[in-house]
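Here is final35.tsv, consisting of TSV, N, CA and C atoms:
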chain	number	residue	atom	x	y	z
A	1	GLN	N	155.80	-43.85	91.61
A	1	GLN	CA	156.47	-42.93	92.51
A	1	GLN	C	157.56	-42.14	91.79
A	2	HIS	N	158.24	-42.78	90.85
A	2	HIS	CA	159.30	-42.08	90.12
A	2	HIS	C	158.74	-40.84	89.42
A	3	SER	N	157.57	-40.95	88.78
A	3	SER	CA	157.03	-39.80	88.06
A	3	SER	C	156.62	-38.69	89.03
A	4	MET	N	156.16	-39.04	90.22
A	4	MET	CA	155.81	-38.04	91.23
A	4	MET	C	157.06	-37.27	91.67
A	5	GLN	N	158.16	-37.97	91.88
A	5	GLN	CA	159.41	-37.31	92.25
A	5	GLN	C	159.88	-36.42	91.11
A	6	HIS	N	159.74	-36.91	89.88
A	6	HIS	CA	160.15	-36.14	88.71
A	6	HIS	C	159.34	-34.85	88.63
A	7	GLN	N	158.02	-34.95	88.86
A	7	GLN	CA	157.17	-33.76	88.78
A	7	GLN	C	157.54	-32.74	89.85
A	8	GLU	N	157.81	-33.22	91.07
A	8	GLU	CA	158.18	-32.29	92.13
A	8	GLU	C	159.53	-31.65	91.85
A	9	LYS	N	160.47	-32.41	91.32
A	9	LYS	CA	161.80	-31.90	91.04
A	9	LYS	C	161.76	-30.86	89.91
A	10	HIS	N	160.88	-31.05	88.94
A	10	HIS	CA	160.83	-30.17	87.77
A	10	HIS	C	159.57	-29.31	87.74
A	11	LYS	N	159.09	-28.95	88.92
A	11	LYS	CA	157.89	-28.12	89.02
A	11	LYS	C	158.16	-26.75	88.39
A	12	ARG	N	157.21	-26.29	87.59
A	12	ARG	CA	157.37	-24.98	86.96
A	12	ARG	C	157.15	-23.87	87.98
A	13	ILE	N	158.06	-22.95	88.00
A	13	ILE	CA	157.95	-21.81	88.90
A	13	ILE	C	157.95	-20.56	88.02
A	14	LYS	N	156.94	-19.72	88.19
A	14	LYS	CA	156.83	-18.50	87.39
A	14	LYS	C	158.03	-17.58	87.65
A	15	TRP	N	158.44	-16.91	86.59
A	15	TRP	CA	159.50	-15.92	86.73
A	15	TRP	C	158.94	-14.71	87.47
A	16	LYS	N	159.74	-14.16	88.36
A	16	LYS	CA	159.36	-12.96	89.10
A	16	LYS	C	159.91	-11.73	88.37
A	17	LYS	N	159.31	-10.58	88.67
A	17	LYS	CA	159.75	-9.34	88.02
A	17	LYS	C	161.24	-9.06	88.26
A	18	LYS	N	161.71	-9.31	89.48
A	18	LYS	CA	163.12	-9.05	89.77
A	18	LYS	C	164.03	-10.01	88.98
A	19	GLU	N	163.55	-11.22	88.71
A	19	GLU	CA	164.32	-12.17	87.90
A	19	GLU	C	164.38	-11.70	86.45
A	20	ASP	N	163.22	-11.23	85.94
A	20	ASP	CA	163.20	-10.68	84.58
A	20	ASP	C	164.14	-9.48	84.47
A	21	SER	N	164.11	-8.63	85.47
A	21	SER	CA	164.97	-7.44	85.48
A	21	SER	C	166.44	-7.85	85.50
A	22	ALA	N	166.78	-8.81	86.34
A	22	ALA	CA	168.16	-9.28	86.43
A	22	ALA	C	168.59	-9.94	85.12
A	23	LEU	N	167.68	-10.69	84.49
A	23	LEU	CA	168.00	-11.32	83.22
A	23	LEU	C	168.25	-10.27	82.14
A	24	ARG	N	167.42	-9.23	82.09
A	24	ARG	CA	167.64	-8.15	81.12
A	24	ARG	C	169.02	-7.51	81.32
A	25	GLU	N	169.37	-7.28	82.58
A	25	GLU	CA	170.67	-6.69	82.91
A	25	GLU	C	171.81	-7.59	82.44
A	26	MET	N	171.70	-8.88	82.69
A	26	MET	CA	172.75	-9.83	82.29
A	26	MET	C	172.86	-9.93	80.77
A	27	VAL	N	171.73	-9.90	80.07
A	27	VAL	CA	171.77	-9.96	78.60
A	27	VAL	C	172.42	-8.70	78.05
A	28	SER	N	172.11	-7.55	78.65
A	28	SER	CA	172.74	-6.32	78.14
A	28	SER	C	174.25	-6.33	78.41
A	29	LYS	N	174.66	-7.02	79.47
A	29	LYS	CA	176.09	-7.08	79.81
A	29	LYS	C	176.82	-8.14	78.98
A	30	TYR	N	176.22	-9.33	78.81
A	30	TYR	CA	176.92	-10.46	78.19
A	30	TYR	C	176.41	-10.84	76.79
A	31	GLY	N	175.35	-10.18	76.33
A	31	GLY	CA	174.81	-10.51	75.02
A	31	GLY	C	173.85	-11.69	75.11
A	32	CYS	N	173.19	-11.97	74.00
A	32	CYS	CA	172.16	-13.03	74.03
A	32	CYS	C	172.67	-14.33	73.41
A	33	LYS	N	173.91	-14.67	73.69
A	33	LYS	CA	174.48	-15.95	73.25
A	33	LYS	C	175.12	-16.72	74.41
A	34	ASN	N	175.48	-16.02	75.46
A	34	ASN	CA	176.23	-16.62	76.56
A	34	ASN	C	175.32	-17.06	77.71
A	35	TRP	N	174.43	-17.99	77.43
A	35	TRP	CA	173.39	-18.35	78.40
A	35	TRP	C	173.94	-19.05	79.63
A	36	GLY	N	175.00	-19.82	79.49
A	36	GLY	CA	175.61	-20.47	80.65
A	36	GLY	C	176.17	-19.45	81.61
A	37	VAL	N	176.87	-18.47	81.06
A	37	VAL	CA	177.45	-17.38	81.87
A	37	VAL	C	176.32	-16.58	82.53
A	38	ILE	N	175.29	-16.29	81.76
A	38	ILE	CA	174.17	-15.50	82.28
A	38	ILE	C	173.49	-16.23	83.43
A	39	ALA	N	173.23	-17.53	83.27
A	39	ALA	CA	172.57	-18.31	84.33
A	39	ALA	C	173.42	-18.31	85.60
A	40	THR	N	174.73	-18.47	85.44
A	40	THR	CA	175.64	-18.47	86.60
A	40	THR	C	175.64	-17.10	87.28
A	41	CYS	N	175.76	-16.05	86.49
A	41	CYS	CA	175.79	-14.69	87.05
A	41	CYS	C	174.46	-14.34	87.72
A	42	LEU	N	173.38	-14.81	87.14
A	42	LEU	CA	172.05	-14.57	87.72
A	42	LEU	C	171.98	-15.16	89.12
A	43	HIS	N	172.51	-16.36	89.25
A	43	HIS	CA	172.51	-17.04	90.56
A	43	HIS	C	173.44	-16.32	91.54
A	44	GLU	N	174.59	-15.86	91.06
A	44	GLU	CA	175.54	-15.16	91.94
A	44	GLU	C	175.01	-13.79	92.36
A	45	LYS	N	174.30	-13.14	91.44
A	45	LYS	CA	173.77	-11.79	91.72
A	45	LYS	C	172.68	-11.84	92.78
A	46	ALA	N	171.81	-12.83	92.69
A	46	ALA	CA	170.70	-12.96	93.64
A	46	ALA	C	170.53	-14.45	93.94
A	47	PRO	N	171.27	-14.96	94.94
A	47	PRO	CA	171.32	-16.40	95.19
A	47	PRO	C	170.01	-17.18	95.18
A	48	PRO	N	168.87	-16.63	95.58
A	48	PRO	CA	167.69	-17.48	95.46
A	48	PRO	C	167.30	-17.76	94.01
A	49	ILE	N	167.81	-16.96	93.07
A	49	ILE	CA	167.49	-17.18	91.66
A	49	ILE	C	168.33	-18.33	91.14
A	50	SER	N	167.67	-19.40	90.77
A	50	SER	CA	168.38	-20.55	90.23
A	50	SER	C	167.69	-20.98	88.95
A	51	LYS	N	168.20	-20.50	87.84
A	51	LYS	CA	167.65	-20.82	86.52
A	51	LYS	C	168.74	-21.46	85.68
A	52	THR	N	168.34	-22.39	84.83
A	52	THR	CA	169.29	-23.01	83.93
A	52	THR	C	169.54	-22.10	82.73
A	53	SER	N	170.59	-22.40	81.99
A	53	SER	CA	170.88	-21.61	80.78
A	53	SER	C	169.72	-21.72	79.79
A	54	LYS	N	169.12	-22.90	79.70
A	54	LYS	CA	167.98	-23.09	78.79
A	54	LYS	C	166.79	-22.24	79.23
A	55	GLN	N	166.51	-22.21	80.52
A	55	GLN	CA	165.41	-21.39	81.02
A	55	GLN	C	165.64	-19.91	80.73
A	56	CYS	N	166.88	-19.46	80.90
A	56	CYS	CA	167.22	-18.06	80.62
A	56	CYS	C	167.03	-17.75	79.14
A	57	ARG	N	167.55	-18.62	78.29
A	57	ARG	CA	167.43	-18.41	76.84
A	57	ARG	C	165.97	-18.38	76.40
A	58	GLU	N	165.18	-19.33	76.89
A	58	GLU	CA	163.77	-19.39	76.49
A	58	GLU	C	162.98	-18.20	77.01
A	59	ARG	N	163.27	-17.77	78.23
A	59	ARG	CA	162.57	-16.61	78.78
A	59	ARG	C	162.87	-15.37	77.93
A	60	TRP	N	164.14	-15.20	77.57
A	60	TRP	CA	164.53	-14.05	76.77
A	60	TRP	C	163.91	-14.13	75.37
A	61	THR	N	164.09	-15.27	74.73
A	61	THR	CA	163.65	-15.44	73.34
A	61	THR	C	162.14	-15.34	73.18
A	62	ASN	N	161.40	-15.88	74.14
A	62	ASN	CA	159.95	-15.98	73.99
A	62	ASN	C	159.15	-14.87	74.67
A	63	PHE	N	159.77	-14.13	75.60
A	63	PHE	CA	158.99	-13.16	76.35
A	63	PHE	C	159.63	-11.79	76.51
A	64	LEU	N	160.94	-11.73	76.70
A	64	LEU	CA	161.57	-10.46	77.09
A	64	LEU	C	162.26	-9.71	75.97
A	65	GLN	N	162.61	-10.40	74.93
A	65	GLN	CA	163.35	-9.78	73.82
A	65	GLN	C	162.61	-8.53	73.33
A	66	PRO	N	163.26	-7.36	73.32
A	66	PRO	CA	162.58	-6.11	72.95
A	66	PRO	C	161.96	-6.12	71.55
A	67	ALA	N	162.51	-6.91	70.64
A	67	ALA	CA	161.99	-6.91	69.27
A	67	ALA	C	160.64	-7.62	69.14
A	68	LEU	N	160.22	-8.35	70.15
A	68	LEU	CA	158.96	-9.08	70.08
A	68	LEU	C	157.77	-8.13	70.12
A	69	THR	N	156.79	-8.39	69.27
A	69	THR	CA	155.55	-7.63	69.28
A	69	THR	C	154.61	-8.26	70.29
A	70	LYS	N	154.08	-7.43	71.18
A	70	LYS	CA	153.20	-7.95	72.23
A	70	LYS	C	151.75	-7.49	72.07
A	71	ARG	N	151.50	-6.61	71.11
A	71	ARG	CA	150.14	-6.12	70.92
A	71	ARG	C	149.25	-7.25	70.38
A	72	PRO	N	147.95	-7.11	70.52
A	72	PRO	CA	147.04	-8.14	69.98
A	72	PRO	C	147.22	-8.29	68.46
A	73	PHE	N	146.90	-9.47	67.96
A	73	PHE	CA	146.99	-9.73	66.53
A	73	PHE	C	145.92	-8.94	65.80
A	74	SER	N	146.30	-8.34	64.67
A	74	SER	CA	145.31	-7.66	63.82
A	74	SER	C	144.58	-8.72	63.01
A	75	LYS	N	143.51	-8.31	62.36
A	75	LYS	CA	142.76	-9.25	61.50
A	75	LYS	C	143.66	-9.76	60.37
A	76	ASP	N	144.47	-8.88	59.78
A	76	ASP	CA	145.39	-9.30	58.72
A	76	ASP	C	146.39	-10.34	59.23
A	77	GLU	N	146.92	-10.11	60.44
A	77	GLU	CA	147.85	-11.07	61.02
A	77	GLU	C	147.17	-12.41	61.29
A	78	GLU	N	145.92	-12.37	61.73
A	78	GLU	CA	145.19	-13.61	61.97
A	78	GLU	C	145.00	-14.39	60.68
A	79	VAL	N	144.68	-13.68	59.60
A	79	VAL	CA	144.50	-14.34	58.30
A	79	VAL	C	145.82	-14.96	57.85
A	80	ARG	N	146.93	-14.20	57.96
A	80	ARG	CA	148.25	-14.74	57.60
A	80	ARG	C	148.60	-15.97	58.43
A	81	LEU	N	148.27	-15.90	59.72
A	81	LEU	CA	148.54	-17.02	60.61
A	81	LEU	C	147.77	-18.26	60.17
A	82	LEU	N	146.51	-18.09	59.81
A	82	LEU	CA	145.71	-19.23	59.34
A	82	LEU	C	146.28	-19.81	58.04
A	83	VAL	N	146.71	-18.94	57.15
A	83	VAL	CA	147.32	-19.41	55.89
A	83	VAL	C	148.61	-20.15	56.17
A	84	LEU	N	149.46	-19.57	57.02
A	84	LEU	CA	150.73	-20.22	57.36
A	84	LEU	C	150.49	-21.56	58.06
A	85	HIS	N	149.47	-21.60	58.90
A	85	HIS	CA	149.14	-22.87	59.58
A	85	HIS	C	148.70	-23.92	58.56
A	86	SER	N	147.99	-23.51	57.53
A	86	SER	CA	147.56	-24.48	56.51
A	86	SER	C	148.76	-25.05	55.75
A	87	ILE	N	149.84	-24.30	55.70
A	87	ILE	CA	151.06	-24.76	55.02
A	87	ILE	C	151.97	-25.55	55.96
A	88	PHE	N	152.21	-24.99	57.16
A	88	PHE	CA	153.20	-25.56	58.08
A	88	PHE	C	152.59	-26.39	59.22
A	89	GLN	N	151.27	-26.48	59.27
A	89	GLN	CA	150.56	-27.14	60.37
A	89	GLN	C	151.03	-26.57	61.71
A	90	ARG	N	151.44	-27.41	62.63
A	90	ARG	CA	151.77	-26.92	63.97
A	90	ARG	C	153.28	-26.69	64.15
A	91	ARG	N	153.97	-26.34	63.11
A	91	ARG	CA	155.40	-26.01	63.24
A	91	ARG	C	155.50	-24.52	63.56
A	92	TRP	N	155.20	-24.21	64.83
A	92	TRP	CA	155.08	-22.83	65.26
A	92	TRP	C	156.39	-22.05	65.11
A	93	SER	N	157.51	-22.70	65.30
A	93	SER	CA	158.80	-22.01	65.15
A	93	SER	C	159.02	-21.58	63.71
A	94	SER	N	158.62	-22.43	62.77
A	94	SER	CA	158.74	-22.06	61.34
A	94	SER	C	157.84	-20.87	61.03
A	95	ILE	N	156.63	-20.92	61.53
A	95	ILE	CA	155.68	-19.81	61.31
A	95	ILE	C	156.23	-18.54	61.94
A	96	SER	N	156.77	-18.65	63.13
A	96	SER	CA	157.32	-17.49	63.83
A	96	SER	C	158.48	-16.87	63.07
A	97	ARG	N	159.35	-17.71	62.50
A	97	ARG	CA	160.49	-17.19	61.73
A	97	ARG	C	160.01	-16.41	60.51
A	98	ILE	N	158.94	-16.85	59.89
A	98	ILE	CA	158.41	-16.15	58.71
A	98	ILE	C	157.83	-14.81	59.11
A	99	GLU	N	157.07	-14.79	60.19
A	99	GLU	CA	156.46	-13.54	60.66
A	99	GLU	C	157.51	-12.62	61.30
A	100	GLY	N	158.50	-13.21	61.95
A	100	GLY	CA	159.66	-12.46	62.41
A	100	GLY	C	159.59	-11.72	63.72
A	101	ASN	N	158.44	-11.24	64.14
A	101	ASN	CA	158.42	-10.39	65.33
A	101	ASN	C	157.54	-10.93	66.45
A	102	ARG	N	157.17	-12.20	66.34
A	102	ARG	CA	156.36	-12.83	67.38
A	102	ARG	C	157.00	-14.16	67.76
A	103	SER	N	156.88	-14.53	69.02
A	103	SER	CA	157.45	-15.81	69.45
A	103	SER	C	156.57	-16.95	68.96
A	104	HIS	N	157.15	-18.14	68.92
A	104	HIS	CA	156.36	-19.30	68.51
A	104	HIS	C	155.22	-19.55	69.50
A	105	ILE	N	155.42	-19.20	70.74
A	105	ILE	CA	154.37	-19.37	71.75
A	105	ILE	C	153.20	-18.43	71.46
A	106	SER	N	153.49	-17.18	71.11
A	106	SER	CA	152.39	-16.25	70.82
A	106	SER	C	151.65	-16.67	69.55
A	107	MET	N	152.37	-17.24	68.59
A	107	MET	CA	151.72	-17.74	67.37
A	107	MET	C	150.75	-18.87	67.70
A	108	LYS	N	151.23	-19.81	68.49
A	108	LYS	CA	150.39	-20.96	68.88
A	108	LYS	C	149.17	-20.48	69.67
A	109	ASN	N	149.39	-19.61	70.64
A	109	ASN	CA	148.27	-19.12	71.45
A	109	ASN	C	147.26	-18.36	70.62
A	110	ALA	N	147.73	-17.52	69.70
A	110	ALA	CA	146.82	-16.77	68.84
A	110	ALA	C	146.00	-17.71	67.96
A	111	PHE	N	146.64	-18.73	67.42
A	111	PHE	CA	145.93	-19.68	66.57
A	111	PHE	C	144.78	-20.34	67.35
A	112	TYR	N	145.08	-20.84	68.54
A	112	TYR	CA	144.04	-21.51	69.31
A	112	TYR	C	142.98	-20.54	69.82
A	113	ASN	N	143.33	-19.28	70.03
A	113	ASN	CA	142.32	-18.27	70.37
A	113	ASN	C	141.37	-18.05	69.20
A	114	ILE	N	141.91	-18.02	67.99
A	114	ILE	CA	141.07	-17.88	66.79
A	114	ILE	C	140.11	-19.07	66.69
A	115	ILE	N	140.63	-20.27	66.87
A	115	ILE	CA	139.80	-21.48	66.78
A	115	ILE	C	138.70	-21.45	67.83
A	116	ARG	N	139.04	-21.08	69.07
A	116	ARG	CA	138.02	-21.00	70.13
A	116	ARG	C	136.95	-19.99	69.79
A	117	ARG	N	137.36	-18.83	69.25
A	117	ARG	CA	136.41	-17.79	68.88
A	117	ARG	C	135.47	-18.27	67.78
A	118	VAL	N	136.02	-18.98	66.79
A	118	VAL	CA	135.21	-19.50	65.68
A	118	VAL	C	134.21	-20.53	66.21
A	119	ILE	N	134.67	-21.42	67.06
A	119	ILE	CA	133.78	-22.45	67.62
A	119	ILE	C	132.68	-21.80	68.47
A	120	LYS	N	133.05	-20.83	69.27
A	120	LYS	CA	132.08	-20.14	70.14
A	120	LYS	C	131.01	-19.45	69.31
A	121	ASN	N	131.40	-18.86	68.18
A	121	ASN	CA	130.46	-18.10	67.36
A	121	ASN	C	129.73	-18.96	66.32
A	122	ALA	N	130.04	-20.25	66.29
A	122	ALA	CA	129.41	-21.12	65.29
A	122	ALA	C	127.98	-21.46	65.68
Can the structure in the file be given as structure tokens, please?
Amino acid sequence: QHSMQHQEKHKRIKWKKKEDSALREMVSKYGCKNWGVIATCLHEKAPPISKTSKQCRERWTNFLQPALTKRPFSKDEEVRLLVLHSIFQRRWSSISRIEGNRSHISMKNAFYNIIRRVIKNA
């Protein structure tokens, strides 16, 4: 029963467009270091929005940050990703830091998409 309560308490809720918009506004106002302040202001600005500082930081870092590349991976990028994976295994954050413009989540997803494509075509 404890794990069921834990799952209900920590259920993942997708970010809404208005929450993303409010987060962008707060980051432009307070910078991308003050996550506690941003989370508090987000809640005050639109009371139904209740996100932790960690959730705000991760949403910004992994999805909203303007410097992130969102276009599909090129063949060259896929080859680099496979080489980096052979060196760093599943340390996606390390791979992401080397590539610089993609989140660790997009690196991981791209890698597994490549693997699925190879298996499908085998």
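Reported to one decimal place, the separation of atom CA of Leu68 of chain A from atom N of Asn121 of chain A is 29.3 Å.
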| Within 9 Å of segment 79-81 of chain A using only C-alpha atoms, minus same-chain residues under 5 positions, as a count of residues only | 7
Pull the closest atom pair for each residue of segment 41-112 of chain A that gets at most 8 Å from segment 20-29 of chain A, along with the distance in Å to one decimal, counting only N, CA and C atoms, ordering rows by chain and then ascending residue number, as a Markdown table.
| residue | atom | partner | partner_atom | distance |
| --- | --- | --- | --- | --- |
| A:Cys41 | C | A:Met26 | CA | 7.3 |
| A:Leu42 | CA | A:Ala22 | C | 6.3 |
| A:Cys56 | CA | A:Leu23 | CA | 7.3 |
| A:Trp60 | CA | A:Leu23 | C | 7.5 |
| A:Leu64 | C | A:Arg24 | CA | 7.6 |
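Atom pair atom CA of Leu82 of chain A / atom CA of Ile115 of chain A: separated by 9.8 Å.
Here atom CA of Asn62 of chain A stands at a distance of 10.6 Å from atom CA of Ser96 of chain A.
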| message | For the alpha helix (DSSP H) assignment from backbone DSSP, which residues of chain A qualify? Please present them as an MDAnalysis selection string. | response | chainID A and resid 2:9 17:30 35:45 53:59 75:88 92:99 104:121
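With only C-alpha atoms as the atoms that count, the residue of A:Cys32, A:Ala122, A:Val83, A:Ile105 with the shortest distance to Arg57 of chain A is A:Cys32.
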| Nearest to Ser106 of chain A: which of A:Trp35, A:Phe88, A:Phe73, A:Tyr30 is it, counting only C-alpha atoms? | A:Phe73
| field | Proximity to Phe63 of chain A - best of A:Lys45, A:Gln89, A:Lys17, A:Ser103, only C-alpha atoms | value | A:Ser103
